[in-house]
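Have a look at the structure below, then the notes.
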Amino acid sequence: MAILSQTEAQDILKKVLSFSTADECEATLNGTIGGNVRSARNTISTAGAVDNVSLAVQSRFGKRSGVATCNEFDEATLRRCVQRAEEIAKLAPESPEYVPFMGPQKYLSSPASAAKSTADITPDYRAQQIGASMALCDAKKLSSAAFFNDSTNFIAKRNSKGLEAYQQLTNLDFTITVRTPDGTGSGYAIANYTDLAKFDAARLTRVAAEKAASSVKAKAIEPGKYTVILEPAAAVDLLSNMMRSMDARNADEGRSFLSKKGGGNKKGEKMFDERVTIYSDPTHPEVPDLTFAADGRPQQKVTWIEKGVVKNLYSSQFWAQKSSSPDIAPPGGWIMEGGTQSTAELIKGTAKGILVTRLWYIRAVDPQTLLYTGLTRDGTFYIENGQIKFPVKNFRFNESPVIMLNNLEAVGKAVRLGGNLVPPLKIRDFTFTSLSDAV
């Protein structure tokens with residue numbers, strides 16, 4: 001019963017609320033059905049499936065709150081779940097940041113958030129896609145490790161104040177790492193879609209295989225500041241870390257790169273290159289998302305950075321009320337506006353530089369400057385006169401996305417990764433601090 005219709009889900013939630021004796025009550029249903037296949041050394045190693053619905057009940061007495069969960073839906077279990085949430089609430093301390101539940105809300109429609117083609121994926125299809133990927137690597141005498149995961153989800157919410165929400169989503173993720181037999185060459189590819197029609201495991205495998213074959217006999221070059229081209233898979237993690245830091249409270253309380261000396265935040269200030277525009281839109285056809293936040297607040301199209309200027313910050317309901325700031329929920333995915341050039345075209349326009357396939361083992365160094373450290377991986381190459389000349393050994397980097405987005409030389413065409421639209425970025429003076437022997 002993993003995917004309930006709106007009527008089926010709301011009928012359960014109505015019954016749950018009917019058992020409540022609390023001052024306020026909110027019930028949320030989450031359901032998932034899907035599966036996965038994992039391969040290693042060109043052999044399927046595991047396969048799995050998920051089929052589950054869970055209920056969370058939050059009960060409140062005054063400013064005291066308790067939560068209980070269950071995944072069975074007979075009347076006795078539902079009643080006991082509500083009673084347990086109420087028992088917990090009565091024992092809980094009062095919340096100093098209590099905000100009442102919201103009443104009825106209006107939500108945008110995002111019809112592209114669920115695709116039948118993805119919902120209809122079968123175990124045979126997963127096996128065929130992974131099989132085609134492994135066969136390609138076998139033919140090239142390369143070794144691969146891949147993971148294919150798909151899911152269809154729904155979320156339904158209802159509370160005692162009259163709020164009602166429901167939405168379905170589908171998602172497909174594929175990652176693959178390809179290595180040469182001696183382990184000295186490595187390549188990587190990643191994809192993420194709502195609609196299965198855009199997916200092709202063999203195409204992605206060819207990309208990773210070409211990188212693996214091209215990255216053997218990597219040369220060591222001196223660390224330092226270089227012009228780099230970050231492929232979308234390399235740019236996404238640094239940019240995502242930055243977007244997760246667009247919190248108004250952290251900025252107002254002095255814990256953020258957006259904190260202003262003496263108090264307050266840097267909303268309205270130009271902090272990035274004017275080519276940087278980032279927004280979120282739950283109805284975007286390429287990266288559709290939930291039209292409501294976890295607390296039930298409507299998700300709208302929000303511009304976070306416009307032509308380098310910080311336009312909005314997100315916050316909790318409590319902080320929005322306390323600080324008299326706009327009540328904006330954190331986004332799901334985000335969209336960075338890009339240009340028209342592909343990664344290959346960015347390479348052609350580069351006299352000297354380094355191409356980075358992806359970054360990993362990223363750790364925060366200084367949250368107030370957003371300085372991060374990490375390593376390159378799975379294909380790092382030296383560019384000269386618009387061509388890839390040779391593979392180079394991997395580097396450790398120390399860099400901040402804030403500095404990075406002030407050192408832009410070019411922005412390429414955005415592609416979907418992790419529910420975001422991410423362009424390849426050409427950056428000058430990217431800081432590499434040491435070499436790494438890992439591939």
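A note on labels: chains of the structure tokens are A, B, ... as shown, every chain counts residues from 1, and ligands are counted from 1 in their shown order.
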**Selection: 9 Å around Thr152 of chain A, only C-alpha atoms, excl. self and same-chain fewer than 5 positions, as a PyMOL selection string** = chain A and resi 2-3+31-34+114-115+118-119+168-171
Using the selection just defined, write its residues with all heavy atoms as a PDB file, in the first residue's frame.
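Printed below is selection_7.pdb as written:
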ATOM      1  N   ALA A   2       2.087   1.184  -0.547  1.00  0.00           N
ATOM      2  CA  ALA A   2       3.040   2.274  -0.366  1.00  0.00           C
ATOM      3  C   ALA A   2       2.579   3.595  -0.950  1.00  0.00           C
ATOM      4  O   ALA A   2       2.799   4.641  -0.360  1.00  0.00           O
ATOM      5  CB  ALA A   2       4.394   1.893  -0.958  1.00  0.00           C
ATOM      6  N   ILE A   3       1.964   3.578  -2.127  1.00  0.00           N
ATOM      7  CA  ILE A   3       1.563   4.839  -2.740  1.00  0.00           C
ATOM      8  C   ILE A   3       0.050   4.978  -2.618  1.00  0.00           C
ATOM      9  O   ILE A   3      -0.713   4.337  -3.345  1.00  0.00           O
ATOM     10  CB  ILE A   3       2.008   4.918  -4.220  1.00  0.00           C
ATOM     11  CG1 ILE A   3       3.511   4.696  -4.316  1.00  0.00           C
ATOM     12  CG2 ILE A   3       1.626   6.276  -4.805  1.00  0.00           C
ATOM     13  CD1 ILE A   3       4.345   5.680  -3.483  1.00  0.00           C
ATOM     14  N   GLY A  31       5.128   7.740   2.089  1.00  0.00           N
ATOM     15  CA  GLY A  31       5.160   6.427   1.470  1.00  0.00           C
ATOM     16  C   GLY A  31       6.188   6.345   0.367  1.00  0.00           C
ATOM     17  O   GLY A  31       6.383   7.316  -0.378  1.00  0.00           O
ATOM     18  N   THR A  32       6.852   5.203   0.256  1.00  0.00           N
ATOM     19  CA  THR A  32       7.875   4.991  -0.778  1.00  0.00           C
ATOM     20  C   THR A  32       7.759   3.586  -1.323  1.00  0.00           C
ATOM     21  O   THR A  32       7.591   2.623  -0.564  1.00  0.00           O
ATOM     22  CB  THR A  32       9.294   5.187  -0.209  1.00  0.00           C
ATOM     23  OG1 THR A  32       9.423   6.499   0.312  1.00  0.00           O
ATOM     24  CG2 THR A  32      10.343   4.968  -1.293  1.00  0.00           C
ATOM     25  N   ILE A  33       7.871   3.473  -2.632  1.00  0.00           N
ATOM     26  CA  ILE A  33       8.023   2.179  -3.283  1.00  0.00           C
ATOM     27  C   ILE A  33       9.122   2.332  -4.323  1.00  0.00           C
ATOM     28  O   ILE A  33       9.184   3.337  -5.033  1.00  0.00           O
ATOM     29  CB  ILE A  33       6.705   1.688  -3.920  1.00  0.00           C
ATOM     30  CG1 ILE A  33       6.863   0.255  -4.432  1.00  0.00           C
ATOM     31  CG2 ILE A  33       6.216   2.622  -5.023  1.00  0.00           C
ATOM     32  CD1 ILE A  33       5.538  -0.397  -4.797  1.00  0.00           C
ATOM     33  N   GLY A  34      10.019   1.379  -4.382  1.00  0.00           N
ATOM     34  CA  GLY A  34      11.129   1.501  -5.334  1.00  0.00           C
ATOM     35  C   GLY A  34      12.083   0.340  -5.210  1.00  0.00           C
ATOM     36  O   GLY A  34      11.800  -0.667  -4.555  1.00  0.00           O
ATOM     37  N   ALA A 114       6.038  13.917 -10.710  1.00  0.00           N
ATOM     38  CA  ALA A 114       5.924  12.462 -10.745  1.00  0.00           C
ATOM     39  C   ALA A 114       5.737  12.001 -12.181  1.00  0.00           C
ATOM     40  O   ALA A 114       4.894  12.529 -12.902  1.00  0.00           O
ATOM     41  CB  ALA A 114       4.753  11.990  -9.886  1.00  0.00           C
ATOM     42  N   ALA A 115       6.544  11.032 -12.596  1.00  0.00           N
ATOM     43  CA  ALA A 115       6.483  10.506 -13.964  1.00  0.00           C
ATOM     44  C   ALA A 115       6.099   9.032 -13.927  1.00  0.00           C
ATOM     45  O   ALA A 115       6.708   8.237 -13.201  1.00  0.00           O
ATOM     46  CB  ALA A 115       7.830  10.684 -14.662  1.00  0.00           C
ATOM     47  N   THR A 118       8.867   6.399 -14.549  1.00  0.00           N
ATOM     48  CA  THR A 118       9.733   6.053 -13.416  1.00  0.00           C
ATOM     49  C   THR A 118       8.984   5.170 -12.428  1.00  0.00           C
ATOM     50  O   THR A 118       9.546   4.212 -11.883  1.00  0.00           O
ATOM     51  CB  THR A 118      10.232   7.330 -12.730  1.00  0.00           C
ATOM     52  OG1 THR A 118      10.852   8.176 -13.704  1.00  0.00           O
ATOM     53  CG2 THR A 118      11.244   7.020 -11.649  1.00  0.00           C
ATOM     54  N   ALA A 119       7.727   5.478 -12.191  1.00  0.00           N
ATOM     55  CA  ALA A 119       6.924   4.667 -11.275  1.00  0.00           C
ATOM     56  C   ALA A 119       6.771   3.229 -11.765  1.00  0.00           C
ATOM     57  O   ALA A 119       6.602   2.314 -10.956  1.00  0.00           O
ATOM     58  CB  ALA A 119       5.547   5.302 -11.091  1.00  0.00           C
ATOM     59  N   GLN A 168       2.850  13.680  -4.943  1.00  0.00           N
ATOM     60  CA  GLN A 168       3.654  12.526  -5.330  1.00  0.00           C
ATOM     61  C   GLN A 168       4.916  12.996  -6.044  1.00  0.00           C
ATOM     62  O   GLN A 168       4.920  14.034  -6.714  1.00  0.00           O
ATOM     63  CB  GLN A 168       2.871  11.592  -6.261  1.00  0.00           C
ATOM     64  CG  GLN A 168       1.762  10.823  -5.585  1.00  0.00           C
ATOM     65  CD  GLN A 168       1.183   9.735  -6.476  1.00  0.00           C
ATOM     66  OE1 GLN A 168       1.805   9.291  -7.440  1.00  0.00           O
ATOM     67  NE2 GLN A 168      -0.034   9.310  -6.161  1.00  0.00           N
ATOM     68  N   LEU A 169       5.999  12.213  -5.895  1.00  0.00           N
ATOM     69  CA  LEU A 169       7.250  12.503  -6.582  1.00  0.00           C
ATOM     70  C   LEU A 169       7.880  11.195  -7.046  1.00  0.00           C
ATOM     71  O   LEU A 169       7.703  10.145  -6.410  1.00  0.00           O
ATOM     72  CB  LEU A 169       8.247  13.215  -5.657  1.00  0.00           C
ATOM     73  CG  LEU A 169       7.825  14.517  -4.993  1.00  0.00           C
ATOM     74  CD1 LEU A 169       7.329  14.246  -3.578  1.00  0.00           C
ATOM     75  CD2 LEU A 169       8.966  15.507  -4.965  1.00  0.00           C
ATOM     76  N   THR A 170       8.623  11.284  -8.138  1.00  0.00           N
ATOM     77  CA  THR A 170       9.435  10.143  -8.566  1.00  0.00           C
ATOM     78  C   THR A 170      10.876  10.606  -8.726  1.00  0.00           C
ATOM     79  O   THR A 170      11.148  11.782  -8.983  1.00  0.00           O
ATOM     80  CB  THR A 170       8.947   9.553  -9.907  1.00  0.00           C
ATOM     81  OG1 THR A 170       8.937  10.588 -10.913  1.00  0.00           O
ATOM     82  CG2 THR A 170       7.565   8.963  -9.776  1.00  0.00           C
ATOM     83  N   ASN A 171      11.803   9.651  -8.567  1.00  0.00           N
ATOM     84  CA  ASN A 171      13.220  10.005  -8.649  1.00  0.00           C
ATOM     85  C   ASN A 171      14.036   8.795  -9.078  1.00  0.00           C
ATOM     86  O   ASN A 171      13.728   7.657  -8.704  1.00  0.00           O
ATOM     87  CB  ASN A 171      13.729  10.501  -7.299  1.00  0.00           C
ATOM     88  CG  ASN A 171      15.112  11.094  -7.394  1.00  0.00           C
ATOM     89  OD1 ASN A 171      15.304  12.137  -8.010  1.00  0.00           O
ATOM     90  ND2 ASN A 171      16.102  10.438  -6.803  1.00  0.00           N
TER      91      ASN A 171
END
**Message:** So that I can check the surroundings of Gln6 of chain A, please list as a list in words every protein, DNA and RNA residue that reaches within 12 Å of it, counting only C-alpha atoms and ignoring chain neighbours fewer than 5 positions away.
**Reply:** Asp11, Ile12, Leu13, Lys14, Leu29, Asn30, Gly31, Phe154, Ile155, Ala156, Lys157, Arg158, Glu164, Ala165, Tyr166, Gln167 and Gln168 of chain A
With C-alpha atoms retained, could you export that selection as a PDB file, in the first residue's frame?
ATOM      1  CA  ASP A  11      -9.048   9.485   4.962  1.00  0.00           C
ATOM      2  CA  ILE A  12      -6.393   7.937   7.229  1.00  0.00           C
ATOM      3  CA  LEU A  13      -5.271  11.356   8.454  1.00  0.00           C
ATOM      4  CA  LYS A  14      -8.851  12.409   9.228  1.00  0.00           C
ATOM      5  CA  LEU A  29       2.047  10.133   5.995  1.00  0.00           C
ATOM      6  CA  ASN A  30       5.159   9.272   3.965  1.00  0.00           C
ATOM      7  CA  GLY A  31       5.160   6.427   1.470  1.00  0.00           C
ATOM      8  CA  PHE A 154       4.100  10.488  -1.658  1.00  0.00           C
ATOM      9  CA  ILE A 155       3.689  12.781   1.315  1.00  0.00           C
ATOM     10  CA  ALA A 156       0.352  13.763   2.855  1.00  0.00           C
ATOM     11  CA  LYS A 157      -0.183  16.138   5.744  1.00  0.00           C
ATOM     12  CA  ARG A 158      -3.185  17.294   7.761  1.00  0.00           C
ATOM     13  CA  GLU A 164      -4.168  19.782   4.104  1.00  0.00           C
ATOM     14  CA  ALA A 165      -1.364  18.844   1.695  1.00  0.00           C
ATOM     15  CA  TYR A 166      -0.558  16.002  -0.697  1.00  0.00           C
ATOM     16  CA  GLN A 167       1.979  15.366  -3.463  1.00  0.00           C
ATOM     17  CA  GLN A 168       3.654  12.526  -5.330  1.00  0.00           C
TER      18      GLN A 168
END
Any chance you could tabulate, as a Markdown table, the residues of segment 243-274 of chain A at most 12 Å from segment 222-239 of chain A with each one's nearest atom pair and distance in Å to one decimal, using only C-alpha atoms, in chain and rising number order?
| residue | atom | partner | partner_atom | distance |
| --- | --- | --- | --- | --- |
| A:Met243 | CA | A:Leu239 | CA | 6.2 |
| A:Arg244 | CA | A:Leu239 | CA | 8.7 |
| A:Ser245 | CA | A:Leu239 | CA | 9.9 |
| A:Met246 | CA | A:Leu239 | CA | 11.2 |
**Request:** Go through A:Gly338, A:Pro181, A:Gly333, A:Pro298 and flag the residue nearest Met102 of chain A, using only C-alpha atoms for the distances.
**Result:**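 Once distances to Met102 of chain A are computed over only C-alpha atoms, the minimum belongs to A:Pro298.
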Please identify all polymer residues within 8 Å of segment 322-331 of chain A, counting only C-alpha atoms, omitting same-chain residues fewer than 6 positions from it, and present them as a compact mmCIF listing (two decimals) with C-alpha atoms, in the first residue's frame.
# COMPACT_ATOMS: atom_id res chain seq x y z
CA ASP A 247 19.91 30.70 6.82
CA SER A 280 14.43 27.71 -6.55
CA ALA A 293 7.94 22.43 3.23
CA ARG A 297 4.65 26.26 4.54
CA PRO A 298 4.02 26.78 0.81
CA GLN A 299 7.07 26.65 -1.45
CA LEU A 313 17.45 34.13 3.14
CA TYR A 314 15.36 31.29 4.52
CA SER A 315 14.31 30.88 8.13
CA SER A 316 12.19 28.92 10.56
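The space between atom CA of Phe257 of chain A and atom CA of Asn406 of chain A spans 14.1 Å.
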**Request:** For atom CA of Cys81 of chain A and atom CA of Phe318 of chain A, determine how far apart the two atoms are, in Å to one decimal place.
**Result:**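 Taking atom CA of Cys81 of chain A as the start and atom CA of Phe318 of chain A as the end point, the length is 27.2 Å.
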